[in-house]
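**Student:** Below you'll find target_23.txt; it's compact mmCIF, C-alpha atoms.
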```txt
# COMPACT_ATOMS: atom_id res chain seq x y z
CA MET A 1 -3.39 14.07 -0.95
CA PRO A 2 -5.24 13.55 1.25
CA LEU A 3 -7.93 12.18 -1.01
CA TYR A 4 -11.28 11.50 0.62
CA ARG A 5 -13.47 9.26 -1.55
CA CYS A 6 -17.09 9.52 -0.41
CA ALA A 7 -19.56 6.91 -1.64
CA VAL A 8 -23.21 7.80 -1.16
CA THR A 9 -26.50 6.27 -2.24
CA GLU A 10 -27.74 7.36 -5.65
CA GLY A 11 -29.82 10.51 -5.47
CA ALA A 12 -29.49 10.77 -1.70
CA THR A 13 -27.38 13.93 -1.54
CA THR A 14 -27.67 17.46 -2.84
CA GLU A 15 -24.82 19.55 -4.19
CA GLU A 16 -25.14 21.77 -1.13
CA GLN A 17 -24.74 18.80 1.20
CA ARG A 18 -21.68 17.56 -0.70
CA ALA A 19 -20.16 21.05 -0.69
CA HIS A 20 -20.73 21.30 3.05
CA ILE A 21 -19.13 17.91 3.69
CA ALA A 22 -16.19 18.84 1.45
CA LYS A 23 -15.57 22.02 3.43
CA GLU A 24 -15.91 20.13 6.68
CA ILE A 25 -13.37 17.57 5.49
CA VAL A 26 -10.92 20.42 4.96
CA ARG A 27 -11.70 21.88 8.37
CA ILE A 28 -11.40 18.57 10.15
CA HIS A 29 -8.36 17.23 8.34
CA CYS A 30 -6.39 20.47 8.53
CA GLY A 31 -7.51 21.15 12.09
CA VAL A 32 -6.35 17.76 13.29
CA THR A 33 -3.16 17.44 11.25
CA GLY A 34 -2.09 21.03 10.50
CA ALA A 35 -1.88 20.15 6.79
CA PRO A 36 -2.51 22.99 4.32
CA PRO A 37 -6.01 23.06 2.77
CA SER A 38 -4.61 23.02 -0.77
CA PHE A 39 -3.69 19.36 -0.30
CA VAL A 40 -7.25 18.23 0.52
CA HIS A 41 -9.41 16.58 -2.14
CA ALA A 42 -12.97 15.30 -1.54
CA PHE A 43 -14.51 13.32 -4.41
CA PHE A 44 -18.06 11.93 -4.23
CA SER A 45 -19.49 8.94 -6.07
CA GLU A 46 -23.11 7.86 -6.18
CA VAL A 47 -23.49 4.10 -5.98
CA PRO A 48 -26.38 1.65 -5.65
CA ALA A 49 -27.26 0.95 -2.02
CA ALA A 50 -26.12 -2.64 -2.47
CA ALA A 51 -22.60 -1.45 -3.33
CA LEU A 52 -22.13 0.14 0.07
CA PRO A 53 -20.97 -1.83 3.10
CA GLU A 54 -23.92 -3.55 4.79
CA GLY A 55 -25.92 -1.20 6.98
CA ARG A 56 -24.28 1.96 5.62
CA SER A 57 -25.83 4.78 3.62
CA ALA A 58 -22.54 6.64 3.21
CA PHE A 59 -18.95 5.46 3.28
CA VAL A 60 -15.81 7.61 3.29
CA LEU A 61 -12.31 6.32 2.58
CA GLY A 62 -9.67 8.87 3.43
CA SER A 63 -6.29 8.17 1.86
CA ILE A 64 -3.99 10.24 4.00
CA ARG A 65 -0.26 10.72 4.20
CA ALA A 66 1.38 8.16 6.46
CA GLY A 67 2.81 9.46 9.71
CA ARG A 68 -0.33 10.62 11.48
CA THR A 69 -0.79 9.31 15.02
CA PRO A 70 -3.55 6.82 15.92
CA GLU A 71 -5.15 9.59 17.98
CA GLN A 72 -5.21 11.97 15.02
CA LYS A 73 -6.75 9.32 12.77
CA GLN A 74 -9.37 8.46 15.39
CA GLU A 75 -10.29 12.13 15.74
CA ILE A 76 -10.70 12.46 11.98
CA VAL A 77 -12.89 9.36 11.84
CA SER A 78 -15.06 10.40 14.80
CA GLU A 79 -15.56 13.99 13.75
CA LEU A 80 -16.13 13.23 10.08
CA SER A 81 -18.62 10.47 10.94
CA ARG A 82 -20.58 12.96 13.03
CA VAL A 83 -20.52 15.64 10.33
CA VAL A 84 -21.60 13.30 7.53
CA ALA A 85 -24.39 11.82 9.65
CA GLU A 86 -25.69 15.26 10.62
CA THR A 87 -25.43 16.65 7.11
CA LEU A 88 -27.25 13.72 5.55
CA ASP A 89 -29.67 13.39 8.49
CA GLN A 90 -28.65 9.80 9.05
CA PRO A 91 -27.95 7.87 12.26
CA ILE A 92 -24.21 7.85 12.84
CA GLU A 93 -24.27 4.05 12.72
CA ARG A 94 -25.21 4.31 9.04
CA VAL A 95 -22.03 6.22 8.21
CA GLY A 96 -18.69 4.50 7.72
CA VAL A 97 -15.39 6.39 7.74
CA VAL A 98 -11.95 4.82 7.53
CA THR A 99 -8.49 6.16 6.80
CA ALA A 100 -5.67 4.48 4.90
CA ASP A 101 -2.02 5.49 5.20
CA VAL A 102 -0.19 6.32 1.97
CA PRO A 103 3.54 7.15 2.12
CA SER A 104 4.21 10.76 1.13
CA LYS A 105 6.85 9.73 -1.38
CA TRP A 106 4.32 7.72 -3.37
CA ASN A 107 2.68 11.00 -4.40
CA MET A 108 3.56 13.92 -6.62
CA GLU A 109 1.57 17.15 -6.46
CA GLY A 110 2.65 20.56 -7.67
CA GLY A 111 5.34 18.79 -9.69
CA GLU A 112 7.16 17.55 -6.60
CA LEU A 113 7.02 14.59 -4.27
CA LEU A 114 4.77 15.44 -1.35
CA PRO A 115 6.52 16.47 1.84
CA GLU A 116 6.33 14.35 4.96
CA PRO A 117 3.71 15.47 7.49
CA GLY A 118 5.01 18.49 9.38
CA GLU A 119 7.53 19.38 6.68
CA GLU A 120 5.17 21.28 4.39
CA ALA A 121 6.58 24.79 4.93
CA ALA A 122 9.31 24.62 2.31
CA TRP A 123 6.97 22.96 -0.21
CA LEU A 124 4.38 25.68 0.30
CA GLU A 125 7.00 28.38 0.01
CA ARG A 126 7.78 27.10 -3.46
CA HIS A 127 4.15 26.65 -4.50
CA GLY A 128 2.11 29.24 -2.66
CA THR A 129 -0.75 28.34 -0.37
CA GLY A 130 -3.53 27.24 -2.64
CA HIS A 131 -4.63 25.92 -5.98
CA MET B 1 -4.76 -5.94 -15.38
CA LYS B 2 -5.67 -2.46 -14.17
CA LYS B 3 -2.48 -0.39 -14.25
CA PHE B 4 -3.88 3.11 -13.98
CA SER B 5 -6.94 4.63 -12.33
CA CYS B 6 -7.73 8.18 -13.41
CA LEU B 7 -10.11 10.43 -11.50
CA ILE B 8 -11.03 13.43 -13.62
CA GLN B 9 -13.55 16.25 -13.91
CA GLU B 10 -16.37 16.20 -16.44
CA GLY B 11 -15.95 18.59 -19.36
CA GLN B 12 -12.43 19.63 -18.43
CA GLY B 13 -9.21 19.06 -20.38
CA ALA B 14 -8.57 15.50 -19.26
CA ASP B 15 -12.14 14.46 -20.06
CA ARG B 16 -11.75 15.77 -23.61
CA SER B 17 -8.37 14.06 -24.07
CA GLN B 18 -8.92 10.57 -22.67
CA ALA B 19 -7.64 8.75 -25.76
CA LEU B 20 -4.37 10.68 -25.90
CA LEU B 21 -3.84 10.37 -22.17
CA GLU B 22 -4.54 6.65 -22.25
CA GLU B 23 -2.01 6.18 -25.03
CA GLY B 24 0.53 8.21 -23.05
CA LEU B 25 -0.03 6.25 -19.86
CA ARG B 26 0.46 2.95 -21.67
CA ARG B 27 3.71 4.29 -23.14
CA ILE B 28 4.91 5.36 -19.70
CA GLY B 29 4.11 1.93 -18.28
CA ARG B 30 5.99 0.23 -21.10
CA GLU B 31 9.04 2.46 -20.80
CA ALA B 32 9.18 2.30 -17.00
CA PHE B 33 8.38 -1.36 -16.39
CA GLY B 34 8.18 -3.11 -19.76
CA ASP B 35 4.40 -3.49 -19.41
CA ASP B 36 2.55 -4.80 -22.46
CA PRO B 37 0.37 -1.84 -23.53
CA ALA B 38 -2.34 -4.21 -24.73
CA GLU B 39 -2.70 -5.62 -21.22
CA SER B 40 -2.45 -2.35 -19.32
CA GLU B 41 -5.96 -1.32 -18.41
CA VAL B 42 -6.62 2.36 -17.85
CA ALA B 43 -9.77 2.98 -15.79
CA TRP B 44 -11.57 6.34 -15.79
CA THR B 45 -13.85 7.86 -13.20
CA VAL B 46 -15.41 11.10 -14.36
CA PHE B 47 -16.87 13.37 -11.70
CA GLY B 48 -19.74 15.61 -12.67
CA ARG B 49 -20.15 19.17 -11.47
CA GLY B 50 -20.76 19.27 -7.74
CA PHE B 51 -19.09 15.94 -7.02
CA ALA B 52 -15.42 16.87 -6.61
CA TRP B 53 -13.80 19.48 -4.40
CA THR B 54 -10.26 20.60 -3.71
CA ALA B 55 -9.53 22.78 -0.69
CA GLY B 56 -13.30 23.01 -0.27
CA GLU B 57 -13.86 24.56 -3.73
CA PRO B 58 -15.01 22.93 -7.00
CA SER B 59 -12.07 20.87 -8.16
CA THR B 60 -10.15 21.24 -11.39
CA SER B 61 -7.70 18.52 -10.38
CA SER B 62 -7.01 15.12 -11.89
CA VAL B 63 -5.77 12.26 -9.75
CA VAL B 64 -3.88 9.46 -11.49
CA ILE B 65 -2.98 6.32 -9.55
CA GLY B 66 -0.53 3.99 -11.23
CA SER B 67 0.34 0.48 -10.09
CA VAL B 68 4.10 -0.07 -9.64
CA PRO B 69 6.17 -3.01 -8.41
CA ALA B 70 6.16 -3.18 -4.60
CA GLY B 71 9.21 -1.59 -3.05
CA LEU B 72 10.08 0.42 -6.13
CA PRO B 73 13.04 2.63 -5.19
CA LEU B 74 12.57 6.37 -5.15
CA GLU B 75 15.03 6.91 -8.00
CA ARG B 76 12.61 5.01 -10.27
CA ARG B 77 9.37 6.08 -8.58
CA GLU B 78 9.98 9.82 -8.94
CA PRO B 79 10.65 9.80 -12.71
CA PHE B 80 7.55 7.63 -13.22
CA LEU B 81 5.43 10.18 -11.37
CA ARG B 82 7.09 13.06 -13.19
CA GLU B 83 6.28 11.47 -16.56
CA ILE B 84 2.61 11.23 -15.64
CA CYS B 85 2.47 14.86 -14.50
CA SER B 86 4.27 16.04 -17.64
CA LEU B 87 1.90 14.06 -19.86
CA TRP B 88 -1.11 15.66 -18.18
CA GLU B 89 0.27 19.18 -18.43
CA ARG B 90 1.26 18.72 -22.07
CA VAL B 91 -1.98 17.11 -23.27
CA THR B 92 -4.60 18.89 -21.17
CA GLY B 93 -2.93 22.26 -20.60
CA CYS B 94 -3.51 21.95 -16.87
CA SER B 95 -1.20 23.62 -14.39
CA THR B 96 1.29 21.67 -12.34
CA ASP B 97 -0.99 22.14 -9.32
CA GLU B 98 -3.92 20.42 -11.07
CA ILE B 99 -2.42 16.97 -11.43
CA VAL B 100 -1.85 14.58 -8.54
CA ALA B 101 -0.01 11.37 -9.36
CA THR B 102 0.36 8.37 -7.08
CA ALA B 103 2.67 5.39 -7.59
CA TRP B 104 0.86 2.63 -5.72
CA ASP B 105 2.78 -0.45 -4.66
CA GLY B 106 1.14 -3.55 -6.12
CA PRO B 107 -2.43 -3.98 -7.42
CA LEU B 108 -4.59 -0.88 -7.35
CA PRO B 109 -6.96 -0.72 -4.38
CA LEU B 110 -9.92 0.90 -6.13
```
For this file, produce the structure as structure tokens.
**Tutor:**
Amino acid sequence: MPLYRCAVTEGATTEEQRAHIAKEIVRIHCGVTGAPPSFVHAFFSEVPAAALPEGRSAFVLGSIRAGRTPEQKQEIVSELSRVVAETLDQPIERVGVVTADVPSKWNMEGGELLPEPGEEAAWLERHGTGH
Amino acid sequence: MKKFSCLIQEGQGADRSQALLEEGLRRIGREAFGDDPAESEVAWTVFGRGFAWTAGEPSTSSVVIGSVPAGLPLERREPFLREICSLWERVTGCSTDEIVATAWDGPLPL
């Protein structure tokens, strides 16, 4: 957690594009929130165009730990929309990005309940900095 | 009713052990909440190479989302999550850092 689920049109992305977006998700999410990169998952699914929201060629649902400010969430949405649009060479209007709050204590990673945002230091001390 | 949604990596331990994991998840649901195993659907999404990333690198992680009663107290939520993580580590041989478990209040969103 966070888990970014990225739905894209079948055959419309390359592995390089997905890798770039995945790295950008880490950069954006961690830059905005200060969360450690080891928490950030980006999973891509190819779907028929009809399965995407109307008018979209890519749609990203970011399930993030609750407690982020509205400003932080807006920055994530804006920046990630721009990056996905540029990477896929699509108009930004064709890219949808939303975030959904998930309470930290609903999640276990590294064998422990996830820490609240801003309280990661002790968790990381026990687990190291990366997977 | 969908009780568990499992996001896993193609060709890795969880992909090779779906039947055992499914049986284990149904047992956990029965023991934790009295769920009828026959009515507990386990959904799988398998990500091929180049479709899943953790910390910006190819992912070896599994994500398991289990539906739980809304408002489940932490003293029941934590053991439920721990059971899922232990099952994954035991069956697939993954490390504790390669399994993410979520106890989702109410029906699963995905």
**Student:** Could you tell me how far CA of Ser40 (chain B) lies from CA of Ile65 (chain B), in Å and to one decimal?
**Tutor:**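 These two atoms are separated by 13.1 Å.
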**Student:** Skipping near chain neighbours, those fewer than 3 positions away, what residues fall within 9 Å of Arg77 (chain B) using all atoms listed in the file, listed as a ChimeraX atom specification?
**Tutor:** /A:105-106 /B:68,72-74,80-82,103
**Student:** I need the residue nearest Ala22 (chain A) from this list: B:Glu83, B:Glu57, B:Asp105, B:Asp35. Use all atoms listed in the file for the distance.
**Tutor:**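 Nearest to Ala22 (chain A): B:Glu57.
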**Student:** Based on all atoms listed in the file, which of the residues in chain A come within 6 Å of chain B? I want them as a count of residues only.
**Tutor:** 16
**Student:** Would you list the contacts of Arg68 (chain A) as a PyMOL selection string, taking every protein, DNA or RNA residue within 10 Å and counting only C-alpha atoms, but skipping same-chain residues closer than 2 positions in sequence?
**Tutor:** chain A and resi 32-33+64-66+70-73+101+117-118
**Student:** Would you mind exporting the chosen residues as a PDB file, in the coordinates of the input, restricted to C-alpha atoms?
**Tutor:**
```pdb
ATOM      1  CA  VAL A  32      -6.350  17.760  13.290  1.00  0.00           C
ATOM      2  CA  THR A  33      -3.160  17.440  11.250  1.00  0.00           C
ATOM      3  CA  ILE A  64      -3.990  10.240   4.000  1.00  0.00           C
ATOM      4  CA  ARG A  65      -0.260  10.720   4.200  1.00  0.00           C
ATOM      5  CA  ALA A  66       1.380   8.160   6.460  1.00  0.00           C
ATOM      6  CA  PRO A  70      -3.550   6.820  15.920  1.00  0.00           C
ATOM      7  CA  GLU A  71      -5.150   9.590  17.980  1.00  0.00           C
ATOM      8  CA  GLN A  72      -5.210  11.970  15.020  1.00  0.00           C
ATOM      9  CA  LYS A  73      -6.750   9.320  12.770  1.00  0.00           C
ATOM     10  CA  ASP A 101      -2.020   5.490   5.200  1.00  0.00           C
ATOM     11  CA  PRO A 117       3.710  15.470   7.490  1.00  0.00           C
ATOM     12  CA  GLY A 118       5.010  18.490   9.380  1.00  0.00           C
TER      13      GLY A 118
END
```
**Student:** Give me the residues near Ser57 (chain A) as a list in words, where near means some atom within 8 Å (using only C-alpha atoms) and where sequence neighbours in that chain fewer than 3 positions away do not count.
**Tutor:**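 Near neighbours after the sequence-gap exclusion: Val8, Thr9, Ala49, Leu52, Gln90, Arg94 and Val95 of chain A.
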**Student:** Please report as a Markdown table every residue of region 71-100 of chain B lying within 8 Å of region 15-24 of chain B, along with the nearest atom pair and their distance in Å (one decimal), using only C-alpha atoms.
**Tutor:**
```
| residue | atom | partner | partner_atom | distance |
| --- | --- | --- | --- | --- |
| B:Leu87 | CA | B:Gly24 | CA | 6.8 |
| B:Trp88 | CA | B:Leu21 | CA | 7.2 |
| B:Val91 | CA | B:Leu21 | CA | 7.1 |
| B:Thr92 | CA | B:Ser17 | CA | 6.8 |
```
**Student:** Can you work out the spacing between CA of Glu79 (chain A) and CA of His29 (chain A) in Å, to one decimal?
**Tutor:** 9.6 Å
**Student:** Report, in Å to a single decimal, how far apart CA of Gly13 (chain B) and CA of Arg90 (chain B) are.
**Tutor:**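 Calculated distance between CA of Arg90 (chain B) and CA of Gly13 (chain B) is 10.6 Å.
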